[in-house]
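One structure is given here, and the rest of the page talks about it.
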Amino acid sequence: MRRFARLFNELDTSTSTRSKVDALKRYLAIADAADAAWAVYFLAGGKPRQAINSRVLREFAIGASGLPEWLFEESYQAVGDLAETIALLLPPPIRASGGTLTFWIEERLLPLRGRAPADVLAALRDYVEELDTPERFLLIKLIGGGFRVGVSKLLVTRALAEHSGIDAKLVAQRMIGYTDVTLAPTSERYLSLIDAGQHVVADGHPYPFFLAHSLTLPVERFEQELGAAARWLIEWKYDGIRAQLVRRAGKAWLWSRGEELITERFPEIVECSRSVPDGTVLDGEILVWRDERPQPFALLQKRVTRKTVPAQVLREAPALFMAYDVLEAGGEDLRLRPQSERRAALERLGAAHDLLTSPRLTGESWEQLALLREQSRDRGVEGLMIKHLDSTYRVGRTKEATTNWWKWKIDPYAVDAVLVYAQRGHGRRASLYSDYTFAVWASELGMPGRALVPFTKAYSGLTDEELRKVDAAIRRTTIEKFGPVRSVTPTMVFEIGFEGIARSPRHKSGIAVRFPRMLRWRHDKPIDEADTLSTLQALLRSADGARAGYKAP
C-alpha cells in the first residue's frame with residue numbers, strides 16, 4: 001500500500017511524461033504481480049466502486065478531526081479535494097501498517113461493499129489509525145470511488161512496454177478490456193500483459209481504437225494543409241457509440257471505445273452479425289435507426305445505461321452497426337494496409353454478407369464538401385469524417401497531419417445565457433469558481449414577471465485569465481451560499497455552444513443540451529439581451545423537424 005501511495009503521489013505531482021513513465025517502471029520493477037495487477041488497473045482507468053458516499057465521509061472526517069462543521073467546509077473549499085482535505089485534517093497515525101496493495105483492496109476495501117454505513121465507518125476509523133497522510137489520501141480516494149490521477153492509459157501502456165521489452169502496439173491490444181468492471185485484475189492477467197513469449201490474443205479481443213483529431217481550419221486552407229480532396233475518404237460523422245464488432249470462433253463480441261464489453265445490450269446487432277465470416281473485426285458506429293435515418297443520441301443512451309434491455313426499449317430504440325473500417329479479415333490483421341485497401345475490403349465484405357457500411361461521399365473540391373457538410377443537421381449527423389487514403393490504422397491519436405483521421409464537425413448550436421450559479425473547480429482550479437450554471441429568460445424582453453430559468457452547466461472554454469476575472473466577479477456579486485454553490489447577481493452573459501438539443505422532463509426548462517461549453521464571454525451584451533427559453537424551443541423544433549423530414553442514405 002505504501003509503495004503505491006508513493007507512486008500515486010509522484011504521478012500526481014509530476015508534469016513530465018518521461019518522469020511519470022520512469023516512476024511507473026520503478027514501481028513495476030519491485031512490485032509483485034498481484035500488486036502490479038491492481039496498480040495497472042487503477043492507473044489505466046479502472047474505477048473502484050464507491051463503498052461510502054461523500055456525505056458520510058464528511059461526517060466521519062468532522063468527527064475524527066474534532067473540527068466544527070463550518071471549519072471543515074472552509075478547509076474543503078480551500079483545498080478543493082475531499083479526500084485530500086480529510087487526509088490532511090486527521091490526527092497522526094498510532095500504529096504502522098505493512099499490508100500490500102492487494103491486501104488492502106481484496107481483504108479490506110472490497111468486503112466493505114454492501115455493509116451498513118456504521119460498519120463501514122467503524123472500519124474506516126480503524127484503518128486510518130495505521131496509515132500516514134499519502135496512504136490515507138489514497139485510501140479515501142479508493143473507498144469513495146473517486147480515484148483519478150494525471151496519467152493516461154497510453155502512458156501506462158508505454159511504461160509496461162518499456163518494462164517488458166514488448167512492442168507498445170501489442171501491449172495496447174492486450175490492455176483492451178483490462179479495466180472491465182466484470183473482470184478483477186489478477187496476477188495471471190497482469191503477467192499476460194507483459195509475456196514476451198505470447199503473441200496470441202483471446203478470441204473476443206478487439207484492437208486499440210484509432211482516434212480522429214478535430215479539424216478547425218477555414219476551408220480556404222484545406223488545399224494548402226491537406227492537399228487535394230481526391231486523396232481523402234469522406235464519410236458522414238455519425239452521433240452514436242464507436243464500437244468494434246469482433247467475429248471469431250462462431251461467436252460475436254461488441255466492444256465500446258471505452259473498452260467495455262457491450263454485447264448483451266445489443267442482441268439485434270449480434271443476430272445480424274451471424275452472416276459475417278469468422279476472423280473478422282469491424283470498426284464502426286452503433287446507432288439507433290428508425291424511418292431510414294439515425295435517431296438522436298438520447299434514444300441510444302437508453303440502451304447504454306442498461307445491462308439488460310427490456311423488450312419495450314428494444315422496440316423504441318432499435319440499434320444497428322454501421323461499419324466503416326475492417327481491421328481483420330480471414331484472421332489476417334489489416335491495420336498496416338492503407339485506408340484505400342481496407343475500404344475496398346470492407347465494400348467486398350458488405351456486398352457479400354449484406355453488411356451496412358458507411359456511405360462514401362464525393363466532392364471535386366473542399367468547397368463542394370463544405371456545402372455537403374452544411375446538410376449535416378438535416379441528415380441527423382454531426383459533420384464529416386476525413387480519412388487519408390494512405391493512412392494505416394494506428395493506436396489513439398497521432399501527429400501525422402497529412403495521413404491522419406479528421407472529424408470536420410458542423411458549428412455548434414449557440415445561445416447567449418446568463419451566469420446564475422457558480423461552484424469551485426477541482427485540482428488546479430480548486431481555489432477558483434470555475435463551474436457555472438447558465439440561464440435564459442423565461443419570456444421576451446419587456447414582458448411582466450420576467451425570470452431567468454437555468455438550462456445547463458458548463459466549465460470549459462475560458463482562458464486562465466478569464467477564469468480569474470470571472471472568479472473575482474462571482475465573489476463580488478454572491479447573493480447566497482448553498483454548501484459549495486454560490487448564487488450570484490446576474491451580471492455576466494456568455495455565448496454557450498452545444499452539439500445537440502432534446503426535450504427533458506427532468507429539467508425545469510424542459511430542455512437538455514449535449515456537450516455544453518462556453519464559446520466566449522459577451523462583454524458587449526447586457527443581461528436583458530440574453531436569449532430566451534423560446535429561442536431554445538425554436539432550436540428544438542428545428543431539430544425535431546429536420547429529424548422528421550429528411551431521409552439519410
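All residue names refer to the C-alpha cells as shown: chains lettered A, B, ... in order, residues numbered from 1 in each chain, ligands numbered from 1 in order.
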
Per residue of range 198-294 of chain A within 12 Å of range 404-417 of chain A, which atom pair is closest and at what distance in Å (one decimal), using only C-alpha atoms, listed by chain and increasing number, as JSON lines?
```
{"residue": "A:Phe209", "atom": "CA", "partner": "A:Trp405", "partner_atom": "CA", "distance": 11.9}
{"residue": "A:Phe210", "atom": "CA", "partner": "A:Trp405", "partner_atom": "CA", "distance": 8.3}
{"residue": "A:Leu211", "atom": "CA", "partner": "A:Trp405", "partner_atom": "CA", "distance": 7.1}
{"residue": "A:Ala212", "atom": "CA", "partner": "A:Trp405", "partner_atom": "CA", "distance": 4.7}
{"residue": "A:His213", "atom": "CA", "partner": "A:Trp406", "partner_atom": "CA", "distance": 4.9}
{"residue": "A:Ser214", "atom": "CA", "partner": "A:Lys407", "partner_atom": "CA", "distance": 5.0}
{"residue": "A:Leu215", "atom": "CA", "partner": "A:Trp408", "partner_atom": "CA", "distance": 5.1}
{"residue": "A:Thr216", "atom": "CA", "partner": "A:Trp408", "partner_atom": "CA", "distance": 7.2}
{"residue": "A:Leu217", "atom": "CA", "partner": "A:Trp408", "partner_atom": "CA", "distance": 9.2}
{"residue": "A:Pro218", "atom": "CA", "partner": "A:Trp408", "partner_atom": "CA", "distance": 10.7}
{"residue": "A:Val219", "atom": "CA", "partner": "A:Trp408", "partner_atom": "CA", "distance": 10.3}
{"residue": "A:Phe222", "atom": "CA", "partner": "A:Trp408", "partner_atom": "CA", "distance": 11.3}
{"residue": "A:Glu225", "atom": "CA", "partner": "A:Asn404", "partner_atom": "CA", "distance": 11.9}
{"residue": "A:Leu226", "atom": "CA", "partner": "A:Asn404", "partner_atom": "CA", "distance": 9.7}
{"residue": "A:Arg231", "atom": "CA", "partner": "A:Asn404", "partner_atom": "CA", "distance": 11.8}
{"residue": "A:Trp232", "atom": "CA", "partner": "A:Trp405", "partner_atom": "CA", "distance": 9.4}
{"residue": "A:Leu233", "atom": "CA", "partner": "A:Trp405", "partner_atom": "CA", "distance": 9.5}
{"residue": "A:Ile234", "atom": "CA", "partner": "A:Trp406", "partner_atom": "CA", "distance": 9.8}
{"residue": "A:Glu235", "atom": "CA", "partner": "A:Lys407", "partner_atom": "CA", "distance": 9.7}
{"residue": "A:Trp236", "atom": "CA", "partner": "A:Lys407", "partner_atom": "CA", "distance": 9.3}
{"residue": "A:Lys237", "atom": "CA", "partner": "A:Lys407", "partner_atom": "CA", "distance": 7.1}
{"residue": "A:Tyr238", "atom": "CA", "partner": "A:Lys409", "partner_atom": "CA", "distance": 10.1}
{"residue": "A:Asp239", "atom": "CA", "partner": "A:Lys409", "partner_atom": "CA", "distance": 10.7}
```

Please provide the set of residues having any atom within 6 Å of range 358-373 of chain A, restricted to only C-alpha atoms, with same-chain residues fewer than 6 positions apart removed, written as a PyMOL selection string. chain A and resi 229+234-235+322-324+383

Need the shell around range 47-63 of chain A: protein/DNA/RNA residues with any atom at most 7 Å away, counting only C-alpha atoms. Skip same-chain ones fewer than 3 positions apart. Format as JSON, numbers by chain? {"A": [42, 66, 67, 68, 69, 72, 86, 112, 113, 121, 142, 143, 144, 145, 147]}

Mind checking DSSP for range 176-344 of chain A and telling me the alpha helix (DSSP H) residues as a ChimeraX atom specification? /A:187-193,222-226,267-272,297-304,311-316,339-344

Report as an MDAnalysis selection string all protein, DNA and RNA residues lying within 6 Å of Leu419 in chain A, evaluated on only C-alpha atoms, omitting residues in the same chain fewer than 6 positions from it. chainID A and resid 437:438 492

List as a PyMOL selection string the protein and nucleic acid residues near Lys481 in chain A, meaning an atom at most 10 Å away when only C-alpha atoms are counted, but skip any in the same chain fewer than 3 places from it. chain A and resi 421-423+478+484-488

Would you pick out the contacts of range 163-179 of chain A at 7 Å or less, using only C-alpha atoms, so that residues sharing its chain but fewer than 5 positions from it are not included, and give the list as a list in words?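 So, after excluding close chain neighbours, the residues are Lys25, Tyr41, Gly45, Gly46, Thr157, Arg158, Leu193, Ile194, Ala196, Val201, Pro206, Tyr207, Pro208, Glu259 and Glu260 of chain A.
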
Keeping N, CA, C and O atoms, export the residues of the selection given above as an mmCIF file, in the first residue's frame.
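So the final result, stored in selection-v9.cif, reads:
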```
data_model
loop_
_atom_site.group_PDB
_atom_site.id
_atom_site.type_symbol
_atom_site.label_atom_id
_atom_site.label_comp_id
_atom_site.auth_asym_id
_atom_site.auth_seq_id
_atom_site.Cartn_x
_atom_site.Cartn_y
_atom_site.Cartn_z
ATOM 1 N N LYS A 25 7.866 2.544 -14.141
ATOM 2 C CA LYS A 25 8.809 1.445 -14.383
ATOM 3 C C LYS A 25 9.502 1.038 -13.085
ATOM 4 O O LYS A 25 9.714 -0.155 -12.826
ATOM 5 N N TYR A 41 -4.477 -1.589 -13.171
ATOM 6 C CA TYR A 41 -5.934 -1.451 -13.300
ATOM 7 C C TYR A 41 -6.381 -0.034 -12.949
ATOM 8 O O TYR A 41 -7.102 0.616 -13.719
ATOM 9 N N GLY A 45 -7.407 3.495 -15.666
ATOM 10 C CA GLY A 45 -8.781 3.992 -15.710
ATOM 11 C C GLY A 45 -9.803 3.120 -15.029
ATOM 12 O O GLY A 45 -11.001 3.443 -15.049
ATOM 13 N N GLY A 46 -9.391 2.007 -14.416
ATOM 14 C CA GLY A 46 -10.329 1.177 -13.674
ATOM 15 C C GLY A 46 -10.898 1.930 -12.489
ATOM 16 O O GLY A 46 -10.162 2.621 -11.776
ATOM 17 N N THR A 157 0.530 2.148 -20.865
ATOM 18 C CA THR A 157 0.933 1.191 -21.896
ATOM 19 C C THR A 157 2.402 1.359 -22.243
ATOM 20 O O THR A 157 3.146 0.370 -22.399
ATOM 21 N N ARG A 158 2.836 2.587 -22.383
ATOM 22 C CA ARG A 158 4.252 2.856 -22.697
ATOM 23 C C ARG A 158 5.171 2.340 -21.605
ATOM 24 O O ARG A 158 6.207 1.729 -21.892
ATOM 25 N N LEU A 193 -0.085 -9.490 -19.784
ATOM 26 C CA LEU A 193 0.192 -8.221 -20.453
ATOM 27 C C LEU A 193 1.646 -8.096 -20.856
ATOM 28 O O LEU A 193 1.970 -7.468 -21.875
ATOM 29 N N ILE A 194 2.537 -8.681 -20.051
ATOM 30 C CA ILE A 194 3.979 -8.465 -20.267
ATOM 31 C C ILE A 194 4.706 -9.742 -20.661
ATOM 32 O O ILE A 194 5.927 -9.810 -20.570
ATOM 33 N N ALA A 196 6.462 -11.846 -23.004
ATOM 34 C CA ALA A 196 7.136 -11.659 -24.291
ATOM 35 C C ALA A 196 7.004 -12.867 -25.203
ATOM 36 O O ALA A 196 7.167 -12.770 -26.422
ATOM 37 N N VAL A 201 -3.933 -13.307 -28.925
ATOM 38 C CA VAL A 201 -4.902 -12.730 -28.000
ATOM 39 C C VAL A 201 -6.161 -13.580 -28.003
ATOM 40 O O VAL A 201 -6.363 -14.425 -28.864
ATOM 41 N N PRO A 206 -10.646 -7.169 -29.120
ATOM 42 C CA PRO A 206 -10.615 -6.189 -30.211
ATOM 43 C C PRO A 206 -9.213 -5.607 -30.377
ATOM 44 O O PRO A 206 -8.259 -6.054 -29.729
ATOM 45 N N TYR A 207 -9.099 -4.605 -31.223
ATOM 46 C CA TYR A 207 -7.855 -3.862 -31.400
ATOM 47 C C TYR A 207 -7.975 -2.493 -30.731
ATOM 48 O O TYR A 207 -9.095 -1.983 -30.565
ATOM 49 N N PRO A 208 -6.851 -1.860 -30.368
ATOM 50 C CA PRO A 208 -6.931 -0.478 -29.864
ATOM 51 C C PRO A 208 -7.537 0.426 -30.938
ATOM 52 O O PRO A 208 -7.270 0.262 -32.134
ATOM 53 N N GLU A 259 -13.762 0.589 -24.022
ATOM 54 C CA GLU A 259 -13.253 -0.747 -23.701
ATOM 55 C C GLU A 259 -14.181 -1.510 -22.768
ATOM 56 O O GLU A 259 -13.763 -2.272 -21.913
ATOM 57 N N GLU A 260 -15.464 -1.294 -22.969
ATOM 58 C CA GLU A 260 -16.475 -2.027 -22.217
ATOM 59 C C GLU A 260 -17.122 -3.037 -23.152
ATOM 60 O O GLU A 260 -17.465 -2.713 -24.300
#
```

For Leu355 in chain A, the closest of A:Ser97, A:Ser273, A:Thr535, A:Ser187 counting only C-alpha atoms is A:Ser273

Could you tell me, as a PyMOL selection string, which residues of range 345-411 of chain A DSSP assigns to strand (DSSP E or B) when given the backbone? chain A and resi 357+361+383-388+396+405-409

Any idea what's packed within 12 Å of Ser19 in chain A, counting only C-alpha atoms, ignoring anything in its chain fewer than 6 positions away? Could you give it as a ChimeraX atom specification? /A:7,10-13,25-26,151,155,159

Any chance you can output those residues with C-alpha atoms as an mmCIF file, in the first residue's frame?
```cif
data_model
loop_
_atom_site.group_PDB
_atom_site.id
_atom_site.type_symbol
_atom_site.label_atom_id
_atom_site.label_comp_id
_atom_site.auth_asym_id
_atom_site.auth_seq_id
_atom_site.Cartn_x
_atom_site.Cartn_y
_atom_site.Cartn_z
ATOM 1 C CA LEU A 7 3.771 6.214 -6.727
ATOM 2 C CA GLU A 10 4.745 11.054 -7.573
ATOM 3 C CA LEU A 11 2.481 10.739 -10.610
ATOM 4 C CA ASP A 12 0.014 13.306 -9.277
ATOM 5 C CA THR A 13 2.652 15.966 -8.665
ATOM 6 C CA LYS A 25 8.809 1.445 -14.383
ATOM 7 C CA ARG A 26 10.497 1.682 -10.977
ATOM 8 C CA VAL A 151 -1.738 9.684 -16.293
ATOM 9 C CA LEU A 155 1.308 6.400 -20.716
ATOM 10 C CA ALA A 159 5.627 2.084 -19.238
#
```

Find the residues of range 389-457 of chain A that sit at most 8 Å from range 332-348 of chain A; for each, write down the nearest two atoms and how far apart they are in Å, to one decimal. Count only C-alpha atoms. Sort by chain, then by number going up, and give it as a Markdown table.
```
| residue | atom | partner | partner_atom | distance |
| --- | --- | --- | --- | --- |
| A:Leu389 | CA | A:Gln339 | CA | 4.8 |
| A:Asp390 | CA | A:Pro338 | CA | 4.7 |
| A:Ser391 | CA | A:Pro338 | CA | 5.2 |
| A:Thr392 | CA | A:Pro338 | CA | 4.9 |
| A:Tyr393 | CA | A:Arg335 | CA | 4.7 |
| A:Arg394 | CA | A:Arg335 | CA | 7.2 |
```

Selection to disk with C-alpha atoms, as a PDB file, in the first residue's frame:
```pdb
ATOM      1  CA  LEU A 389      -6.417   7.075 -48.428  1.00  0.00           C
ATOM      2  CA  ASP A 390      -2.822   6.196 -47.489  1.00  0.00           C
ATOM      3  CA  SER A 391      -3.421   6.129 -43.726  1.00  0.00           C
ATOM      4  CA  THR A 392      -2.818   2.964 -41.751  1.00  0.00           C
ATOM      5  CA  TYR A 393      -4.928   2.119 -38.707  1.00  0.00           C
ATOM      6  CA  ARG A 394      -2.883   3.217 -35.699  1.00  0.00           C
TER       7      ARG A 394
END
```
